[in-house]
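Below is the file structure-v2.cif, which contains mmCIF, C-alpha atoms.
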```
data_query
#
loop_
_atom_site.label_atom_id
_atom_site.label_comp_id
_atom_site.auth_asym_id
_atom_site.auth_seq_id
_atom_site.Cartn_x
_atom_site.Cartn_y
_atom_site.Cartn_z
CA MET A 1387 141.05 143.70 -39.98
CA ILE A 1388 141.51 141.07 -42.68
CA VAL A 1389 142.44 141.87 -46.26
CA ASP A 1390 142.14 139.14 -48.88
CA ILE A 1391 144.43 139.95 -51.79
CA TYR A 1392 143.40 138.29 -55.03
CA SER A 1393 146.45 138.16 -57.23
CA ASP A 1394 148.25 136.25 -59.96
CA THR A 1395 151.99 135.70 -59.92
CA LEU A 1396 152.42 136.69 -63.58
CA CYS A 1397 150.45 139.92 -63.20
CA PRO A 1398 152.72 142.99 -63.25
CA TRP A 1399 149.97 145.18 -61.82
CA CYS A 1400 149.81 142.82 -58.83
CA PHE A 1401 153.51 143.48 -58.23
CA ILE A 1402 152.86 147.22 -58.46
CA GLY A 1403 149.81 146.90 -56.21
CA LYS A 1404 151.85 145.05 -53.58
CA ARG A 1405 154.50 147.76 -53.61
CA ARG A 1406 151.88 150.49 -53.25
CA LEU A 1407 150.29 148.64 -50.36
CA GLU A 1408 153.69 148.45 -48.67
CA ARG A 1409 154.12 152.19 -49.13
CA ALA A 1410 150.71 152.81 -47.56
CA LEU A 1411 151.62 150.68 -44.54
CA ALA A 1412 154.98 152.43 -44.20
CA GLN A 1413 153.17 155.77 -44.07
CA ARG A 1414 150.55 154.59 -41.59
CA PRO A 1415 151.10 151.16 -39.98
CA GLN A 1416 148.04 149.00 -39.31
CA PRO A 1417 149.08 146.79 -36.36
CA ASP A 1418 145.95 144.64 -36.36
CA LEU A 1419 146.00 143.98 -40.10
CA ALA A 1420 146.16 140.41 -41.47
CA PHE A 1421 146.66 139.49 -45.11
CA ARG A 1422 145.53 136.40 -46.96
CA TRP A 1423 146.84 135.85 -50.47
CA ARG A 1424 144.12 134.45 -52.70
CA PRO A 1425 144.60 132.81 -56.11
CA PHE A 1426 143.33 134.16 -59.40
CA GLN A 1427 144.64 132.84 -62.70
CA LEU A 1428 144.57 135.36 -65.51
CA ASN A 1429 145.20 132.49 -67.94
CA PRO A 1430 143.39 129.49 -66.45
CA ASP A 1431 143.58 127.62 -69.76
CA MET A 1432 147.34 127.99 -70.08
CA PRO A 1433 149.03 124.65 -70.86
CA ALA A 1434 150.69 123.11 -67.80
CA GLU A 1435 154.13 123.61 -69.37
CA GLY A 1436 153.45 127.26 -70.15
CA MET A 1437 153.92 128.95 -73.50
CA ASP A 1438 156.60 130.75 -75.47
CA ARG A 1439 156.41 134.41 -74.47
CA GLN A 1440 156.20 135.81 -78.00
CA THR A 1441 153.47 133.36 -78.92
CA TYR A 1442 151.55 134.39 -75.82
CA LEU A 1443 151.89 138.10 -76.59
CA ALA A 1444 150.72 137.56 -80.17
CA LEU A 1445 147.65 135.67 -78.98
CA LYS A 1446 146.79 138.06 -76.15
CA PHE A 1447 147.56 141.42 -77.73
CA GLY A 1448 147.45 140.73 -81.43
CA GLY A 1449 151.15 141.25 -82.02
CA ALA A 1450 154.39 142.63 -80.65
CA GLU A 1451 153.57 146.27 -81.41
CA ASN A 1452 150.37 146.28 -79.37
CA ALA A 1453 152.08 144.36 -76.58
CA GLN A 1454 154.93 146.90 -76.53
CA ARG A 1455 152.50 149.77 -75.96
CA VAL A 1456 150.87 147.92 -73.07
CA TYR A 1457 154.14 146.97 -71.39
CA ASP A 1458 155.69 150.40 -71.90
CA HIS A 1459 152.84 151.79 -69.80
CA ILE A 1460 153.37 149.11 -67.14
CA ALA A 1461 157.13 149.71 -67.12
CA SER A 1462 156.53 153.43 -66.56
CA ALA A 1463 154.25 152.68 -63.60
CA GLY A 1464 156.86 150.27 -62.28
CA GLU A 1465 159.59 152.90 -62.42
CA GLU A 1466 157.50 155.11 -60.15
CA GLU A 1467 157.51 152.28 -57.61
CA ASP A 1468 161.22 151.43 -58.05
CA ILE A 1469 160.38 148.18 -59.85
CA PRO A 1470 162.80 147.64 -62.77
CA PHE A 1471 160.64 145.32 -64.84
CA ASN A 1472 162.71 143.17 -67.17
CA PHE A 1473 160.06 142.13 -69.66
CA ALA A 1474 162.68 141.46 -72.34
CA GLY A 1475 164.18 138.78 -70.10
CA ILE A 1476 160.99 136.73 -69.92
CA GLN A 1477 161.18 133.81 -72.34
CA ARG A 1478 158.10 131.82 -71.30
CA THR A 1479 154.69 132.66 -69.87
CA PRO A 1480 153.96 130.07 -67.17
CA ASN A 1481 150.89 128.32 -65.92
CA THR A 1482 150.66 129.78 -62.41
CA LEU A 1483 148.71 127.00 -60.69
CA ASN A 1484 151.78 125.55 -58.97
CA SER A 1485 152.99 128.94 -57.83
CA HIS A 1486 149.62 129.46 -56.14
CA ARG A 1487 149.94 126.05 -54.49
CA LEU A 1488 153.35 127.12 -53.18
CA ILE A 1489 151.90 130.32 -51.71
CA ARG A 1490 149.18 128.34 -49.98
CA MET A 1491 151.79 125.92 -48.63
CA ALA A 1492 153.66 128.88 -47.16
CA GLU A 1493 150.47 130.25 -45.58
CA ASP A 1494 149.83 126.89 -43.94
CA SER A 1495 153.40 126.43 -42.73
CA GLU A 1496 155.09 127.55 -39.54
CA THR A 1497 158.47 128.19 -41.16
CA ALA A 1498 157.72 130.56 -44.04
CA GLU A 1499 155.70 133.67 -44.74
CA ALA A 1500 153.40 133.76 -47.75
CA ASP A 1501 154.22 137.43 -48.33
CA ALA A 1502 157.91 136.58 -48.74
CA VAL A 1503 157.08 133.80 -51.20
CA VAL A 1504 154.83 136.12 -53.23
CA GLN A 1505 157.62 138.70 -53.37
CA ALA A 1506 160.17 136.09 -54.39
CA LEU A 1507 157.89 134.87 -57.18
CA PHE A 1508 157.46 138.41 -58.50
CA ASP A 1509 161.21 139.03 -58.33
CA ALA A 1510 162.05 135.75 -60.05
CA TYR A 1511 159.63 136.27 -62.91
CA PHE A 1512 159.66 140.00 -63.54
CA LEU A 1513 163.23 140.92 -62.59
CA GLU A 1514 165.19 137.74 -63.30
CA GLY A 1515 163.14 136.28 -66.16
CA ARG A 1516 162.87 132.87 -64.48
CA ASP A 1517 160.10 130.44 -65.38
CA ILE A 1518 158.00 130.25 -62.21
CA GLY A 1519 156.06 127.36 -63.70
CA GLN A 1520 159.11 125.12 -63.35
CA THR A 1521 159.38 122.87 -60.30
CA GLU A 1522 163.11 123.58 -59.92
CA VAL A 1523 162.54 127.33 -59.80
CA LEU A 1524 159.70 126.96 -57.31
CA GLY A 1525 161.92 124.72 -55.22
CA ASP A 1526 164.62 127.40 -55.12
CA ILE A 1527 162.09 130.02 -54.03
CA ALA A 1528 160.56 127.72 -51.41
CA GLU A 1529 163.90 126.74 -49.91
CA ALA A 1530 165.05 130.35 -49.67
CA ALA A 1531 161.79 131.18 -47.87
CA GLY A 1532 162.30 128.45 -45.28
CA LEU A 1533 160.17 125.65 -46.70
CA ASP A 1534 161.40 122.09 -47.03
CA ARG A 1535 162.44 121.54 -50.63
CA GLY A 1536 161.59 117.86 -50.53
CA GLU A 1537 158.09 118.56 -49.26
CA VAL A 1538 157.60 121.14 -51.99
CA ALA A 1539 158.73 118.67 -54.65
CA ARG A 1540 156.34 116.07 -53.27
CA LEU A 1541 153.45 118.56 -53.31
CA LEU A 1542 154.11 119.71 -56.85
CA ALA A 1543 154.45 116.13 -58.12
CA SER A 1544 150.94 115.41 -56.79
CA ASP A 1545 147.49 116.88 -57.36
CA GLU A 1546 147.25 118.00 -53.74
CA GLY A 1547 145.71 121.43 -53.38
CA MET A 1548 144.84 121.87 -57.05
CA ASP A 1549 141.10 121.60 -56.49
CA LEU A 1550 141.30 124.14 -53.66
CA ILE A 1551 143.12 126.69 -55.81
CA ARG A 1552 140.68 126.21 -58.66
CA ALA A 1553 137.73 126.48 -56.29
CA GLU A 1554 139.00 129.75 -54.82
CA ASP A 1555 139.61 131.11 -58.31
CA ALA A 1556 136.06 130.15 -59.28
CA PHE A 1557 134.68 131.74 -56.10
CA ALA A 1558 136.45 135.00 -56.95
CA ARG A 1559 134.86 135.06 -60.40
CA ARG A 1560 131.41 134.28 -59.00
CA SER A 1561 131.91 137.14 -56.57
CA GLY A 1562 132.41 139.55 -59.45
CA ILE A 1563 136.20 139.76 -59.52
CA THR A 1564 137.28 139.93 -63.16
CA GLY A 1565 140.85 141.17 -62.79
CA VAL A 1566 143.66 141.53 -60.30
CA PRO A 1567 144.91 142.79 -57.99
CA CYS A 1568 141.73 143.05 -55.99
CA PHE A 1569 141.75 143.84 -52.27
CA VAL A 1570 138.76 142.62 -50.26
CA PHE A 1571 138.41 144.18 -46.80
CA ASN A 1572 136.77 142.10 -44.07
CA ALA A 1573 134.90 140.17 -46.77
CA ARG A 1574 132.76 143.26 -47.31
CA TYR A 1575 134.39 145.83 -49.56
CA ALA A 1576 136.33 145.13 -52.74
CA LEU A 1577 138.90 147.57 -54.03
CA PRO A 1578 140.07 146.56 -57.52
CA GLY A 1579 143.31 147.57 -59.17
CA ALA A 1580 146.79 148.69 -58.11
CA GLN A 1581 145.49 151.57 -56.01
CA PRO A 1582 147.75 154.39 -54.78
CA PRO A 1583 148.59 154.48 -51.08
CA GLU A 1584 146.15 157.29 -50.27
CA VAL A 1585 143.20 155.26 -51.57
CA LEU A 1586 144.25 152.23 -49.53
CA LEU A 1587 144.69 154.36 -46.43
CA ARG A 1588 141.18 155.81 -46.82
CA MET A 1589 139.81 152.28 -46.98
CA PHE A 1590 141.72 151.31 -43.84
CA GLU A 1591 140.20 154.30 -42.05
CA THR A 1592 136.71 153.41 -43.27
CA MET A 1593 137.02 149.85 -42.01
CA ARG A 1594 138.50 150.96 -38.72
CA SER A 1595 135.67 153.44 -38.15
CA GLU A 1596 133.08 150.78 -38.92
CA ASN A 1597 134.74 148.31 -36.55
CA GLU A 1598 134.82 150.88 -33.76
CA ALA A 1599 131.16 151.77 -34.34
CA ALA A 1600 130.21 148.11 -34.17
CA LEU A 1601 132.06 147.70 -30.87
CA ARG A 1602 130.32 150.74 -29.40
CA ALA A 1603 126.96 149.40 -30.50
CA ARG A 1604 127.61 146.14 -28.65
CA ALA A 1605 128.81 147.87 -25.48
#
```

structure tokens encoding of this file:
Amino acid sequence: MIVDIYSDTLCPWCFIGKRRLERALAQRPQPDLAFRWRPFQLNPDMPAEGMDRQTYLALKFGGAENAQRVYDHIASAGEEEDIPFNFAGIQRTPNTLNSHRLIRMAEDSETAEADAVVQALFDAYFLEGRDIGQTEVLGDIAEAAGLDRGEVARLLASDEGMDLIRAEDAFARRSGITGVPCFVFNARYALPGAQPPEVLLRMFETMRSENEAALRARA
């Protein structure tokens, strides 16, 4: 079973969705399950250097008061998943293109796991308030995950992989994905949002039943 997880590294609901997925797998392991992290940029027009956080919130939510209501709700959901969001510590909203390139580099490598890189990006941004659009920060994350820092610096200094990330983002939108997280099971069923573990487990059972039926039909 393959699950494509469309996600953005600055999306707090994606962090929550990842944690809920982990809880589902802890309750009922899926030994034949494979994940592929897929890029989706919530702010594809973000300047390459990112943007001051307060400016971003004013543009996106129409002011600090509206933004506070939104993030209070997210923080409450995070507490239920033992995620201590530190929104006050975030000074800049990054362009996430390079963080997606780093995830793809980890997926293609033999020394790092993409899941660990995704988690480190979430931790750096949402818990530590680090700017995950900065090459130095991405280098720290990559090195800790087992990637070669020099190779990461070379990648990020080039345009390598940019077209691929943009193409996958565009494919997601053409496929009807308008927000993240979105879990796509065996390229057939899409489950949008940070779903609770019981919903994810029902989908696993559905896919497993369909796979078994298909095998019986071919026997």

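Here atom CA of Ala1556 of chain A stands at a distance of 19.9 Å from atom CA of Glu1493 of chain A.
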
Between segment 1485-1594 of chain A and segment 1408-1423 of chain A, at 12 Å or less, what are the per-residue closest atom pairs and their distances in Å? Count only C-alpha atoms, order by chain and rising residue number, and return it as a tab-separated table.
```
residue	atom	partner	partner_atom	distance
A:Ser1485	CA	A:Trp1423	CA	11.8
A:His1486	CA	A:Trp1423	CA	9.0
A:Arg1487	CA	A:Trp1423	CA	11.0
A:Leu1488	CA	A:Trp1423	CA	11.2
A:Ile1489	CA	A:Trp1423	CA	7.6
A:Arg1490	CA	A:Trp1423	CA	7.9
A:Met1491	CA	A:Trp1423	CA	11.2
A:Ala1492	CA	A:Trp1423	CA	10.3
A:Glu1493	CA	A:Arg1422	CA	8.0
A:Asp1494	CA	A:Arg1422	CA	10.9
A:Glu1499	CA	A:Phe1421	CA	10.8
A:Ala1500	CA	A:Trp1423	CA	7.4
A:Asp1501	CA	A:Trp1423	CA	7.8
A:Ala1502	CA	A:Trp1423	CA	11.2
A:Val1503	CA	A:Trp1423	CA	10.5
A:Val1504	CA	A:Trp1423	CA	8.5
A:Gln1505	CA	A:Glu1408	CA	11.5
A:Ile1551	CA	A:Trp1423	CA	11.2
A:Glu1554	CA	A:Trp1423	CA	10.8
A:Asp1555	CA	A:Trp1423	CA	11.7
A:Val1566	CA	A:Trp1423	CA	11.8
A:Pro1567	CA	A:Trp1423	CA	10.4
A:Cys1568	CA	A:Trp1423	CA	10.4
A:Phe1569	CA	A:Trp1423	CA	9.6
A:Val1570	CA	A:Arg1422	CA	9.8
A:Phe1571	CA	A:Phe1421	CA	9.6
A:Asn1572	CA	A:Ala1420	CA	9.9
A:Ala1573	CA	A:Arg1422	CA	11.3
A:Ala1580	CA	A:Glu1408	CA	11.7
A:Gln1581	CA	A:Ala1410	CA	10.0
A:Pro1582	CA	A:Ala1410	CA	8.0
A:Pro1583	CA	A:Ala1410	CA	4.4
A:Glu1584	CA	A:Ala1410	CA	6.9
A:Val1585	CA	A:Ala1410	CA	8.9
A:Leu1586	CA	A:Ala1410	CA	6.8
A:Leu1587	CA	A:Ala1410	CA	6.3
A:Arg1588	CA	A:Ala1410	CA	10.0
A:Met1589	CA	A:Ala1410	CA	10.9
A:Phe1590	CA	A:Gln1416	CA	8.1
A:Glu1591	CA	A:Gln1416	CA	9.9
A:Met1593	CA	A:Leu1419	CA	10.9
A:Arg1594	CA	A:Gln1416	CA	9.8
```

The PyMOL selection byres ((chain A and resi 1474) around 10) applied to the shown file, residues as a short mmCIF file (atom, residue, chain, number, x, y, z; two decimals) with C-alpha atoms, in the frame of the given file:
```cif
data_model
loop_
_atom_site.label_atom_id
_atom_site.label_comp_id
_atom_site.auth_asym_id
_atom_site.auth_seq_id
_atom_site.Cartn_x
_atom_site.Cartn_y
_atom_site.Cartn_z
CA ARG A 1439 156.41 134.41 -74.47
CA PHE A 1471 160.64 145.32 -64.84
CA ASN A 1472 162.71 143.17 -67.17
CA PHE A 1473 160.06 142.13 -69.66
CA GLY A 1475 164.18 138.78 -70.10
CA ILE A 1476 160.99 136.73 -69.92
CA GLN A 1477 161.18 133.81 -72.34
CA PHE A 1512 159.66 140.00 -63.54
CA LEU A 1513 163.23 140.92 -62.59
CA GLY A 1515 163.14 136.28 -66.16
#
```

*For Gly1464 of chain A, which residue among A:Ala1553, A:Leu1533, A:Val1538, A:Ile1402 is the nearest when counting all atoms listed in the file?*
A:Ile1402

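Reported to one decimal place, the separation of atom CA of Ala1576 of chain A from atom CA of Arg1552 of chain A is 20.3 Å.
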
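If you apply the PyMOL selection byres ((chain A and resi 1393) around 8) to this structure, you end up with Ile1391, Tyr1392, Asp1394, Thr1395, Cys1397, Cys1400, Trp1423, Arg1424, Pro1425, Phe1426, Gln1427, Val1566, Pro1567 and Cys1568 of chain A.
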
Grab the residues selected above and save them as a PDB file, in the coordinates of the input with C-alpha atoms.
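Generated file (selection-v4.pdb):
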```pdb
ATOM      1  CA  ILE A1391     144.430 139.950 -51.790  1.00  0.00           C
ATOM      2  CA  TYR A1392     143.400 138.290 -55.030  1.00  0.00           C
ATOM      3  CA  ASP A1394     148.250 136.250 -59.960  1.00  0.00           C
ATOM      4  CA  THR A1395     151.990 135.700 -59.920  1.00  0.00           C
ATOM      5  CA  CYS A1397     150.450 139.920 -63.200  1.00  0.00           C
ATOM      6  CA  CYS A1400     149.810 142.820 -58.830  1.00  0.00           C
ATOM      7  CA  TRP A1423     146.840 135.850 -50.470  1.00  0.00           C
ATOM      8  CA  ARG A1424     144.120 134.450 -52.700  1.00  0.00           C
ATOM      9  CA  PRO A1425     144.600 132.810 -56.110  1.00  0.00           C
ATOM     10  CA  PHE A1426     143.330 134.160 -59.400  1.00  0.00           C
ATOM     11  CA  GLN A1427     144.640 132.840 -62.700  1.00  0.00           C
ATOM     12  CA  VAL A1566     143.660 141.530 -60.300  1.00  0.00           C
ATOM     13  CA  PRO A1567     144.910 142.790 -57.990  1.00  0.00           C
ATOM     14  CA  CYS A1568     141.730 143.050 -55.990  1.00  0.00           C
TER      15      CYS A1568
END
```

*Once the PyMOL selection byres ((chain A and resi 1440) around 10) has been applied to the shown file, what residues remain in the selection, as a VMD selection string?*
chain A and resid 1437 to 1439 1441 to 1446 1449 to 1450 1453 1476 to 1479

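Around Pro1480 of chain A, within 10 Å and counting only C-alpha atoms, the residues found are A:Thr1395, A:Leu1396, A:Asn1429, A:Met1432, A:Pro1433, A:Ala1434, A:Glu1435, A:Gly1436, A:Met1437, A:Asp1438, A:Arg1439, A:Tyr1442, A:Tyr1511, A:Arg1516, A:Asp1517, A:Ile1518, A:Gly1519, A:Gln1520, once anything fewer than 6 positions away on its own chain is removed.
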
_Excluding Gly1532 of chain A and its own-chain neighbours fewer than 2 positions away, which residues fall within 6 Å of it when counting all atoms listed in the file? Please give them as a PyMOL selection string._
chain A and resi 1497-1498+1529-1530

Restrict the selected residues to C-alpha atoms and save them as a JSON list (two decimals), keeping the file's coordinate frame.
```
[["chain", "number", "residue", "atom", "x", "y", "z"],
["A", 1497, "THR", "CA", 158.47, 128.19, -41.16],
["A", 1498, "ALA", "CA", 157.72, 130.56, -44.04],
["A", 1529, "GLU", "CA", 163.90, 126.74, -49.91],
["A", 1530, "ALA", "CA", 165.05, 130.35, -49.67]]
```

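Computed from the coordinates, the atom CA of Leu1601 of chain A to atom CA of Met1387 of chain A distance equals 13.4 Å.
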
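For the choices A:Arg1560, A:Glu1451, A:Asp1509, A:His1459, the atom-to-atom distance to Phe1401 of chain A is smallest for A:Asp1509 when using all atoms listed in the file.
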
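With all atoms listed in the file as the basis for measurement, A:Ala1531 is the residue among A:Arg1406, A:Arg1559, A:Ala1531, A:Tyr1575 that approaches Glu1496 of chain A most closely.
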
Using C-alpha atoms, give me segment 1436-1483 of chain A from the structure I just pasted, as a compact mmCIF listing (two decimals), in the first residue's frame.
```txt
# COMPACT_ATOMS: atom_id res chain seq x y z
CA GLY A 1436 10.22 34.96 2.67
CA MET A 1437 8.27 37.66 4.44
CA ASP A 1438 8.01 39.28 7.84
CA ARG A 1439 5.56 37.19 9.87
CA GLN A 1440 3.33 40.07 10.95
CA THR A 1441 3.12 41.38 7.40
CA TYR A 1442 2.15 37.92 6.22
CA LEU A 1443 -0.55 37.55 8.86
CA ALA A 1444 -2.00 40.96 8.01
CA LEU A 1445 -2.16 40.06 4.32
CA LYS A 1446 -3.55 36.56 4.83
CA PHE A 1447 -5.98 37.11 7.68
CA GLY A 1448 -6.69 40.81 7.57
CA GLY A 1449 -4.96 41.63 10.83
CA ALA A 1450 -3.53 40.28 14.06
CA GLU A 1451 -6.90 39.79 15.75
CA ASN A 1452 -8.26 37.50 13.06
CA ALA A 1453 -4.95 35.64 12.90
CA GLN A 1454 -5.01 35.14 16.67
CA ARG A 1455 -8.41 33.45 16.51
CA VAL A 1456 -7.19 31.09 13.78
CA TYR A 1457 -3.97 30.18 15.56
CA ASP A 1458 -5.64 29.79 18.94
CA HIS A 1459 -7.75 27.04 17.37
CA ILE A 1460 -4.67 25.41 15.84
CA ALA A 1461 -2.77 25.64 19.12
CA SER A 1462 -5.65 23.90 20.90
CA ALA A 1463 -5.61 21.08 18.35
CA GLY A 1464 -1.84 20.87 18.74
CA GLU A 1465 -2.10 20.51 22.51
CA GLU A 1466 -4.29 17.45 22.02
CA GLU A 1467 -1.45 15.91 19.99
CA ASP A 1468 1.32 17.01 22.40
CA ILE A 1469 2.59 19.61 19.92
CA PRO A 1470 3.58 22.81 21.79
CA PHE A 1471 3.28 25.23 18.88
CA ASN A 1472 5.40 28.33 19.41
CA PHE A 1473 3.73 30.70 16.97
CA ALA A 1474 5.01 33.73 18.88
CA GLY A 1475 8.57 32.61 18.15
CA ILE A 1476 8.13 32.70 14.37
CA GLN A 1477 9.60 35.91 12.97
CA ARG A 1478 9.46 35.18 9.23
CA THR A 1479 7.19 33.18 6.95
CA PRO A 1480 9.43 31.34 4.48
CA ASN A 1481 9.18 30.35 0.88
CA THR A 1482 9.08 26.55 1.23
CA LEU A 1483 10.41 25.56 -2.19
```
